[in-house]
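Participant: My structure is stored as work-v3.tsv, with TSV, C-alpha atoms.
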chain	number	residue	atom	x	y	z
N	1	MET	CA	17.76	-9.73	33.01
N	2	LYS	CA	17.87	-13.40	32.04
N	3	THR	CA	15.08	-15.41	30.48
N	4	LEU	CA	14.40	-19.10	31.09
N	5	ARG	CA	13.97	-21.07	27.90
N	6	TYR	CA	13.50	-24.77	27.40
N	7	ALA	CA	15.84	-26.91	25.34
N	8	TYR	CA	15.61	-30.63	24.62
N	9	THR	CA	18.43	-32.71	26.15
N	10	PRO	CA	18.23	-36.50	25.56
N	11	LEU	CA	18.84	-38.61	28.67
N	12	LYS	CA	21.57	-41.22	28.46
N	13	ASN	CA	19.24	-44.23	28.35
N	14	HIS	CA	16.92	-42.78	25.69
N	15	THR	CA	17.25	-43.43	21.98
N	16	GLN	CA	15.91	-41.32	19.15
N	17	GLU	CA	13.17	-43.89	18.59
N	18	ALA	CA	11.94	-43.74	22.16
N	19	VAL	CA	11.48	-40.13	23.16
N	20	SER	CA	9.33	-39.52	26.22
N	21	SER	CA	6.08	-37.62	25.65
N	22	ASP	CA	6.29	-35.84	28.99
N	23	ASP	CA	8.64	-33.04	29.98
N	24	SER	CA	11.15	-35.20	31.85
N	25	ASP	CA	13.66	-34.93	29.00
N	26	PHE	CA	13.78	-31.14	29.09
N	27	GLU	CA	16.04	-29.04	31.21
N	28	CYS	CA	15.87	-25.33	31.90
N	29	ILE	CA	18.71	-23.31	30.36
N	30	GLU	CA	19.36	-19.60	30.97
N	31	TYR	CA	19.91	-17.33	27.98
N	32	PRO	CA	20.46	-13.57	27.93
N	33	ASP	CA	17.26	-11.63	27.39
N	34	VAL	CA	17.88	-10.47	23.82
N	35	LYS	CA	15.10	-8.66	21.97
N	36	SER	CA	13.78	-10.64	19.03
N	37	ASP	CA	13.60	-9.28	15.49
N	38	LYS	CA	9.82	-9.31	15.82
N	39	GLN	CA	10.01	-7.05	18.88
N	40	ILE	CA	12.40	-4.70	17.10
N	41	ASN	CA	10.21	-4.59	13.97
N	42	LYS	CA	7.13	-3.95	16.11
N	43	LYS	CA	8.83	-0.99	17.73
N	44	HIS	CA	9.85	0.28	14.30
N	45	THR	CA	6.34	0.04	12.84
N	46	GLU	CA	4.88	1.86	15.82
N	47	GLU	CA	7.06	4.88	15.15
N	48	PRO	CA	5.35	7.62	13.07
N	49	TYR	CA	6.21	7.50	9.40
N	50	GLU	CA	7.14	11.00	8.31
N	51	PRO	CA	8.77	11.05	4.88
N	52	VAL	CA	10.51	14.04	3.41
N	53	LEU	CA	8.16	15.64	0.87
N	54	VAL	CA	9.79	17.09	-2.22
N	55	GLY	CA	6.95	19.32	-3.35
N	56	LYS	CA	3.82	20.80	-1.80
N	57	SER	CA	0.51	18.98	-1.67
N	58	LEU	CA	-2.84	20.69	-2.12
N	59	ILE	CA	-4.66	17.50	-1.12
N	60	LEU	CA	-2.82	15.91	1.80
N	61	LYS	CA	-2.68	16.88	5.43
N	62	SER	CA	0.16	15.86	7.74
N	63	GLU	CA	-2.08	13.31	9.47
N	64	ASP	CA	-3.06	11.79	6.11
N	65	ILE	CA	0.59	11.17	5.32
N	66	LYS	CA	1.20	9.49	8.67
N	67	GLN	CA	-1.86	7.27	8.26
N	68	ILE	CA	-1.05	6.06	4.75
N	69	GLY	CA	2.59	5.52	5.72
N	70	LYS	CA	1.58	2.75	8.12
N	71	HIS	CA	0.29	0.68	5.20
N	72	LEU	CA	3.19	1.05	2.78
N	73	PRO	CA	5.51	-1.91	2.07
N	74	PRO	CA	8.60	-2.00	4.32
N	75	ARG	CA	10.89	-1.55	1.31
N	76	VAL	CA	9.68	2.02	0.74
N	77	LEU	CA	9.75	3.18	4.36
N	78	GLY	CA	12.29	5.94	4.64
N	79	CYS	CA	11.92	6.93	1.00
N	80	ASN	CA	11.33	10.56	0.05
N	81	TRP	CA	8.02	11.48	-1.56
N	82	LYS	CA	8.56	13.48	-4.73
N	83	LEU	CA	5.65	15.22	-6.42
N	84	VAL	CA	5.97	14.19	-10.07
N	85	TYR	CA	2.55	15.25	-11.33
N	86	SER	CA	-0.33	17.42	-10.20
N	87	THR	CA	-3.30	18.82	-12.06
N	88	ASP	CA	-2.60	22.17	-10.40
N	89	LYS	CA	0.86	22.47	-11.99
N	90	ASN	CA	0.67	20.21	-15.04
N	91	GLY	CA	-2.94	20.52	-16.14
N	92	PHE	CA	-5.59	17.84	-16.59
N	93	SER	CA	-4.09	15.30	-18.99
N	94	LEU	CA	-3.37	11.59	-18.64
N	95	ARG	CA	-0.80	11.81	-21.46
N	96	THR	CA	1.06	14.49	-19.51
N	97	MET	CA	0.98	12.31	-16.42
N	98	TYR	CA	2.66	9.47	-18.30
N	99	ARG	CA	5.31	11.85	-19.68
N	100	THR	CA	6.20	13.16	-16.22
N	101	MET	CA	7.00	9.59	-15.17
N	102	THR	CA	9.45	8.94	-17.99
N	103	GLY	CA	12.65	7.62	-16.45
N	104	ILE	CA	10.98	6.88	-13.10
N	105	SER	CA	11.13	3.30	-11.87
N	106	SER	CA	9.75	3.46	-8.35
N	107	PRO	CA	6.46	2.88	-6.51
N	108	ILE	CA	3.95	5.70	-6.59
N	109	LEU	CA	1.02	7.05	-4.62
N	110	LEU	CA	-1.88	8.60	-6.52
N	111	PHE	CA	-4.28	10.87	-4.66
N	112	VAL	CA	-7.60	12.17	-5.96
N	113	LYS	CA	-9.82	14.83	-4.47
N	114	ASP	CA	-13.29	14.91	-6.00
N	115	ASN	CA	-15.65	17.85	-6.28
N	116	GLU	CA	-17.38	16.74	-3.08
N	117	GLY	CA	-14.13	16.98	-1.12
N	118	GLN	CA	-13.61	13.23	-0.76
N	119	VAL	CA	-9.94	12.10	-0.87
N	120	PHE	CA	-8.98	8.64	-2.14
N	121	GLY	CA	-6.45	6.93	-4.35
N	122	ALA	CA	-4.11	4.04	-5.01
N	123	PHE	CA	-0.65	2.72	-4.24
N	124	SER	CA	1.16	1.15	-7.19
N	125	SER	CA	4.32	-0.92	-6.78
N	126	ALA	CA	5.53	0.47	-10.13
N	127	GLU	CA	5.41	3.74	-12.03
N	128	LEU	CA	2.32	4.48	-14.11
N	129	ARG	CA	2.79	3.81	-17.80
N	130	VAL	CA	0.99	2.87	-21.00
N	131	SER	CA	0.55	-0.88	-21.18
N	132	PRO	CA	-1.82	-3.22	-23.07
N	133	ASN	CA	-1.76	-5.58	-20.09
N	134	PHE	CA	-2.27	-5.25	-16.36
N	135	TYR	CA	0.91	-4.89	-14.33
N	136	GLY	CA	1.87	-4.54	-10.67
N	137	THR	CA	2.17	-6.79	-7.62
N	138	GLY	CA	0.22	-7.83	-4.55
N	139	GLU	CA	1.65	-4.80	-2.75
N	140	ASN	CA	-0.85	-2.62	-4.60
N	141	PHE	CA	-3.87	-1.32	-2.71
N	142	LEU	CA	-6.69	1.20	-2.88
N	143	PHE	CA	-7.71	3.56	-0.10
N	144	ASN	CA	-9.97	6.42	0.89
N	145	PHE	CA	-10.40	8.83	3.78
N	146	THR	CA	-13.94	8.77	5.15
N	147	PRO	CA	-12.57	10.76	7.03
N	148	GLU	CA	-10.42	8.06	8.66
N	149	LEU	CA	-8.17	6.11	6.33
N	150	LYS	CA	-9.52	2.79	5.05
N	151	VAL	CA	-7.23	0.55	3.00
N	152	PHE	CA	-8.31	-2.15	0.56
N	153	PRO	CA	-5.44	-4.61	-0.05
N	154	TRP	CA	-5.15	-7.24	-2.74
N	155	THR	CA	-7.61	-10.12	-2.31
N	156	GLY	CA	-5.61	-12.62	-4.34
N	157	ASP	CA	-8.61	-13.31	-6.60
N	158	ASN	CA	-6.96	-11.90	-9.74
N	159	MET	CA	-3.98	-9.84	-10.85
N	160	PHE	CA	-5.76	-6.86	-12.42
N	161	PHE	CA	-3.63	-4.31	-10.58
N	162	VAL	CA	-2.98	-1.41	-12.99
N	163	ARG	CA	-3.48	-0.82	-16.70
N	164	GLY	CA	-3.25	2.42	-18.65
N	165	ASP	CA	-3.51	3.83	-22.16
N	166	ALA	CA	-4.14	7.26	-23.65
N	167	GLN	CA	-7.87	7.02	-22.99
N	168	SER	CA	-7.99	5.80	-19.40
N	169	LEU	CA	-6.15	4.56	-16.31
N	170	THR	CA	-7.54	1.61	-14.36
N	171	PHE	CA	-6.82	0.15	-10.91
N	172	GLY	CA	-8.43	-3.22	-10.15
N	173	GLY	CA	-11.00	-5.16	-12.12
N	174	GLY	CA	-13.04	-8.32	-12.35
N	175	LYS	CA	-15.31	-10.53	-14.40
N	176	CYS	CA	-18.21	-8.08	-14.39
N	177	GLY	CA	-16.12	-5.29	-15.90
N	178	LYS	CA	-16.18	-3.21	-12.73
N	179	PHE	CA	-13.10	-1.19	-11.80
N	180	GLY	CA	-11.92	-0.21	-8.35
N	181	LEU	CA	-10.74	3.13	-9.71
N	182	TRP	CA	-11.07	4.35	-13.30
N	183	LEU	CA	-9.89	7.74	-14.62
N	184	ASP	CA	-10.56	9.15	-18.08
N	185	GLY	CA	-7.97	10.52	-20.49
N	186	ASP	CA	-8.72	14.14	-19.61
N	187	LEU	CA	-8.58	13.46	-15.87
N	188	PHE	CA	-11.86	15.30	-15.51
N	189	HIS	CA	-14.08	12.35	-14.68
N	190	GLY	CA	-13.71	9.05	-12.89
N	191	ARG	CA	-15.58	6.05	-11.64
N	192	SER	CA	-15.19	3.79	-8.61
N	193	GLN	CA	-16.89	0.42	-8.16
N	194	LYS	CA	-16.43	-2.63	-5.98
N	195	CYS	CA	-14.00	-4.93	-7.78
N	196	GLU	CA	-12.66	-8.43	-7.24
N	197	THR	CA	-9.01	-7.35	-7.11
N	198	PHE	CA	-9.40	-5.30	-3.93
N	199	ASN	CA	-12.96	-5.97	-2.71
N	200	ASN	CA	-13.16	-2.23	-2.09
N	201	ASN	CA	-15.99	0.06	-1.21
N	202	ILE	CA	-16.83	2.85	-3.62
N	203	LEU	CA	-13.91	5.20	-3.00
N	204	SER	CA	-15.56	8.46	-3.97
N	205	THR	CA	-18.69	10.11	-2.65
N	206	ASN	CA	-20.59	8.64	-5.61
N	207	GLU	CA	-19.78	5.94	-8.15
N	208	GLN	CA	-19.33	8.59	-10.84
N	209	PHE	CA	-17.27	11.60	-9.79
N	210	GLN	CA	-15.56	14.71	-11.08
N	211	ILE	CA	-11.91	15.31	-10.27
N	212	HIS	CA	-11.12	18.52	-8.45
N	213	ASN	CA	-7.42	17.81	-8.00
N	214	LEU	CA	-5.07	14.91	-8.57
N	215	GLU	CA	-1.46	14.30	-7.45
N	216	VAL	CA	1.09	11.56	-8.11
N	217	TRP	CA	4.05	11.09	-5.77
N	218	SER	CA	7.03	8.84	-6.48
N	219	LEU	CA	8.64	7.07	-3.52
N	220	THR	CA	12.38	7.18	-4.10
Once you've parsed the file, please lay out its structure as structure tokens.
Facilitator:
Amino acid sequence: MKTLRYAYTPLKNHTQEAVSSDDSDFECIEYPDVKSDKQINKKHTEEPYEPVLVGKSLILKSEDIKQIGKHLPPRVLGCNWKLVYSTDKNGFSLRTMYRTMTGISSPILLFVKDNEGQVFGAFSSAELRVSPNFYGTGENFLFNFTPELKVFPWTGDNMFFVRGDAQSLTFGGGKCGKFGLWLDGDLFHGRSQKCETFNNNILSTNEQFQIHNLEVWSLT
């Protein structure tokens, strides 16, 4: 099939300074009907994202993985998901979580399941580590399943993406000291509030929550 496209062809008596405002200077040229990159990318994004999971999740269902995959940056599509930390295998300890990510330099997905059964978490464009300052990029986002997935991307209002130390791990923040997702050093308790970084809803069932299970997956 051929597609008709319009191309500008100056007439002999026209100069560059005197171009007609009507369509008399355009002629119809036939080009092969080649699919554009946008069409190809659209087809690609519509295909289900099913990564290879290296490890077994006690939190995620197959449909959860497909849903969250649609919102990941293109650069990580096709990456394997490797379970690098879980409270079930490694115990409840933020220090242990940091240690399991030693040597890892890839984006991660963190999933939390609270005692009420609510599942939520965060995508970080970099591994989780101890840092006195916030780090990360605008690719970061928060999400929860209520039960359908809802994603809260970066608003652009600040760059308080991720910050961690031995006492706590924080995703998102703002002037009022409210955090999108905050976890304590024992990974027993957490807090979720609306923050300026992501303009998120409260991710958990309640603002204060207890952690039933937590998993961190590296995308490599």
Participant: Grab the CA of Ser93 (chain N) to CA of Asp186 (chain N) distance for me, in Å with one decimal place.
Facilitator: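 Result for CA of Ser93 (chain N) versus CA of Asp186 (chain N): 4.8 Å, one decimal.
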Participant: List every protein, DNA or RNA residue that has at least one atom no more than 9 Å from (9.4, 13.3, -0.2) in the file's coordinates, counting all atoms listed in the file, and write the result as a ChimeraX atom specification.
Facilitator: /N:51-55,79-83,217-220
Participant: Taking only residues of region 95-148 of chain N that have an atom at most 12 Å from an atom of region 161-167 of chain N, what is each one's shortest atom pair and its distance in Å to one decimal, using all atoms listed in the file, in chain and number order, as JSON lines?
Facilitator:
{"residue": "N:Arg95", "atom": "CA", "partner": "N:Ala166", "partner_atom": "CA", "distance": 6.1}
{"residue": "N:Thr96", "atom": "CA", "partner": "N:Ala166", "partner_atom": "CA", "distance": 9.8}
{"residue": "N:Met97", "atom": "CA", "partner": "N:Ala166", "partner_atom": "CA", "distance": 10.2}
{"residue": "N:Tyr98", "atom": "CA", "partner": "N:Ala166", "partner_atom": "CA", "distance": 8.9}
{"residue": "N:Arg99", "atom": "CA", "partner": "N:Ala166", "partner_atom": "CA", "distance": 11.2}
{"residue": "N:Ile108", "atom": "CA", "partner": "N:Val162", "partner_atom": "CA", "distance": 11.8}
{"residue": "N:Leu110", "atom": "CA", "partner": "N:Val162", "partner_atom": "CA", "distance": 12.0}
{"residue": "N:Ala122", "atom": "CA", "partner": "N:Val162", "partner_atom": "CA", "distance": 9.7}
{"residue": "N:Phe123", "atom": "CA", "partner": "N:Phe161", "partner_atom": "CA", "distance": 9.9}
{"residue": "N:Ser124", "atom": "CA", "partner": "N:Val162", "partner_atom": "CA", "distance": 7.6}
{"residue": "N:Ser125", "atom": "CA", "partner": "N:Phe161", "partner_atom": "CA", "distance": 9.4}
{"residue": "N:Ala126", "atom": "CA", "partner": "N:Val162", "partner_atom": "CA", "distance": 9.2}
{"residue": "N:Glu127", "atom": "CA", "partner": "N:Val162", "partner_atom": "CA", "distance": 9.9}
{"residue": "N:Leu128", "atom": "CA", "partner": "N:Gly164", "partner_atom": "CA", "distance": 7.5}
{"residue": "N:Arg129", "atom": "CA", "partner": "N:Gly164", "partner_atom": "CA", "distance": 6.3}
{"residue": "N:Val130", "atom": "CA", "partner": "N:Asp165", "partner_atom": "CA", "distance": 4.7}
{"residue": "N:Ser131", "atom": "CA", "partner": "N:Gly164", "partner_atom": "CA", "distance": 5.6}
{"residue": "N:Pro132", "atom": "CA", "partner": "N:Arg163", "partner_atom": "CA", "distance": 7.0}
{"residue": "N:Asn133", "atom": "CA", "partner": "N:Arg163", "partner_atom": "CA", "distance": 6.1}
{"residue": "N:Phe134", "atom": "CA", "partner": "N:Arg163", "partner_atom": "CA", "distance": 4.6}
{"residue": "N:Tyr135", "atom": "CA", "partner": "N:Val162", "partner_atom": "CA", "distance": 5.4}
{"residue": "N:Gly136", "atom": "CA", "partner": "N:Phe161", "partner_atom": "CA", "distance": 5.5}
{"residue": "N:Thr137", "atom": "CA", "partner": "N:Phe161", "partner_atom": "CA", "distance": 7.0}
{"residue": "N:Gly138", "atom": "CA", "partner": "N:Phe161", "partner_atom": "CA", "distance": 8.0}
{"residue": "N:Glu139", "atom": "CA", "partner": "N:Phe161", "partner_atom": "CA", "distance": 9.5}
{"residue": "N:Asn140", "atom": "CA", "partner": "N:Phe161", "partner_atom": "CA", "distance": 6.8}
{"residue": "N:Phe141", "atom": "CA", "partner": "N:Phe161", "partner_atom": "CA", "distance": 8.4}
{"residue": "N:Leu142", "atom": "CA", "partner": "N:Phe161", "partner_atom": "CA", "distance": 10.0}
Participant: List the neighbours of region 57-64 of chain N out to 12 Å using all atoms listed in the file; skip same-chain residues closer than 4 positions along the sequence, and give me the result as a ChimeraX atom specification.
Facilitator: /N:48-53,68-71,81-89,109-114,117-121,143-150,211-217
Participant: Output the selection as a compact mmCIF listing (two decimals), keeping the file's coordinate frame - C-alpha atoms for each residue.
Facilitator:
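Saved file selection_28.txt follows:
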# COMPACT_ATOMS: atom_id res chain seq x y z
CA PRO N 48 5.35 7.62 13.07
CA TYR N 49 6.21 7.50 9.40
CA GLU N 50 7.14 11.00 8.31
CA PRO N 51 8.77 11.05 4.88
CA VAL N 52 10.51 14.04 3.41
CA LEU N 53 8.16 15.64 0.87
CA ILE N 68 -1.05 6.06 4.75
CA GLY N 69 2.59 5.52 5.72
CA LYS N 70 1.58 2.75 8.12
CA HIS N 71 0.29 0.68 5.20
CA TRP N 81 8.02 11.48 -1.56
CA LYS N 82 8.56 13.48 -4.73
CA LEU N 83 5.65 15.22 -6.42
CA VAL N 84 5.97 14.19 -10.07
CA TYR N 85 2.55 15.25 -11.33
CA SER N 86 -0.33 17.42 -10.20
CA THR N 87 -3.30 18.82 -12.06
CA ASP N 88 -2.60 22.17 -10.40
CA LYS N 89 0.86 22.47 -11.99
CA LEU N 109 1.02 7.05 -4.62
CA LEU N 110 -1.88 8.60 -6.52
CA PHE N 111 -4.28 10.87 -4.66
CA VAL N 112 -7.60 12.17 -5.96
CA LYS N 113 -9.82 14.83 -4.47
CA ASP N 114 -13.29 14.91 -6.00
CA GLY N 117 -14.13 16.98 -1.12
CA GLN N 118 -13.61 13.23 -0.76
CA VAL N 119 -9.94 12.10 -0.87
CA PHE N 120 -8.98 8.64 -2.14
CA GLY N 121 -6.45 6.93 -4.35
CA PHE N 143 -7.71 3.56 -0.10
CA ASN N 144 -9.97 6.42 0.89
CA PHE N 145 -10.40 8.83 3.78
CA THR N 146 -13.94 8.77 5.15
CA PRO N 147 -12.57 10.76 7.03
CA GLU N 148 -10.42 8.06 8.66
CA LEU N 149 -8.17 6.11 6.33
CA LYS N 150 -9.52 2.79 5.05
CA ILE N 211 -11.91 15.31 -10.27
CA HIS N 212 -11.12 18.52 -8.45
CA ASN N 213 -7.42 17.81 -8.00
CA LEU N 214 -5.07 14.91 -8.57
CA GLU N 215 -1.46 14.30 -7.45
CA VAL N 216 1.09 11.56 -8.11
CA TRP N 217 4.05 11.09 -5.77
Participant: Mind giving me the straight-line distance from CA of Lys178 (chain N) to CA of Lys194 (chain N) in Å, one decimal?
Facilitator: 6.8 Å
Participant: How many Å lie between CA of Phe152 (chain N) and CA of Asn201 (chain N), rounded to one decimal?
Facilitator: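 That distance, rounded to one decimal, is 8.2 Å.
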Participant: Check the smallest atom-to-atom distance from each of N:Thr100, N:Asn158, N:Asn90, N:Pro107 to Glu196 (chain N) using all atoms listed in the file, then report the winner.
Facilitator: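 Nearest to Glu196 (chain N): N:Asn158.
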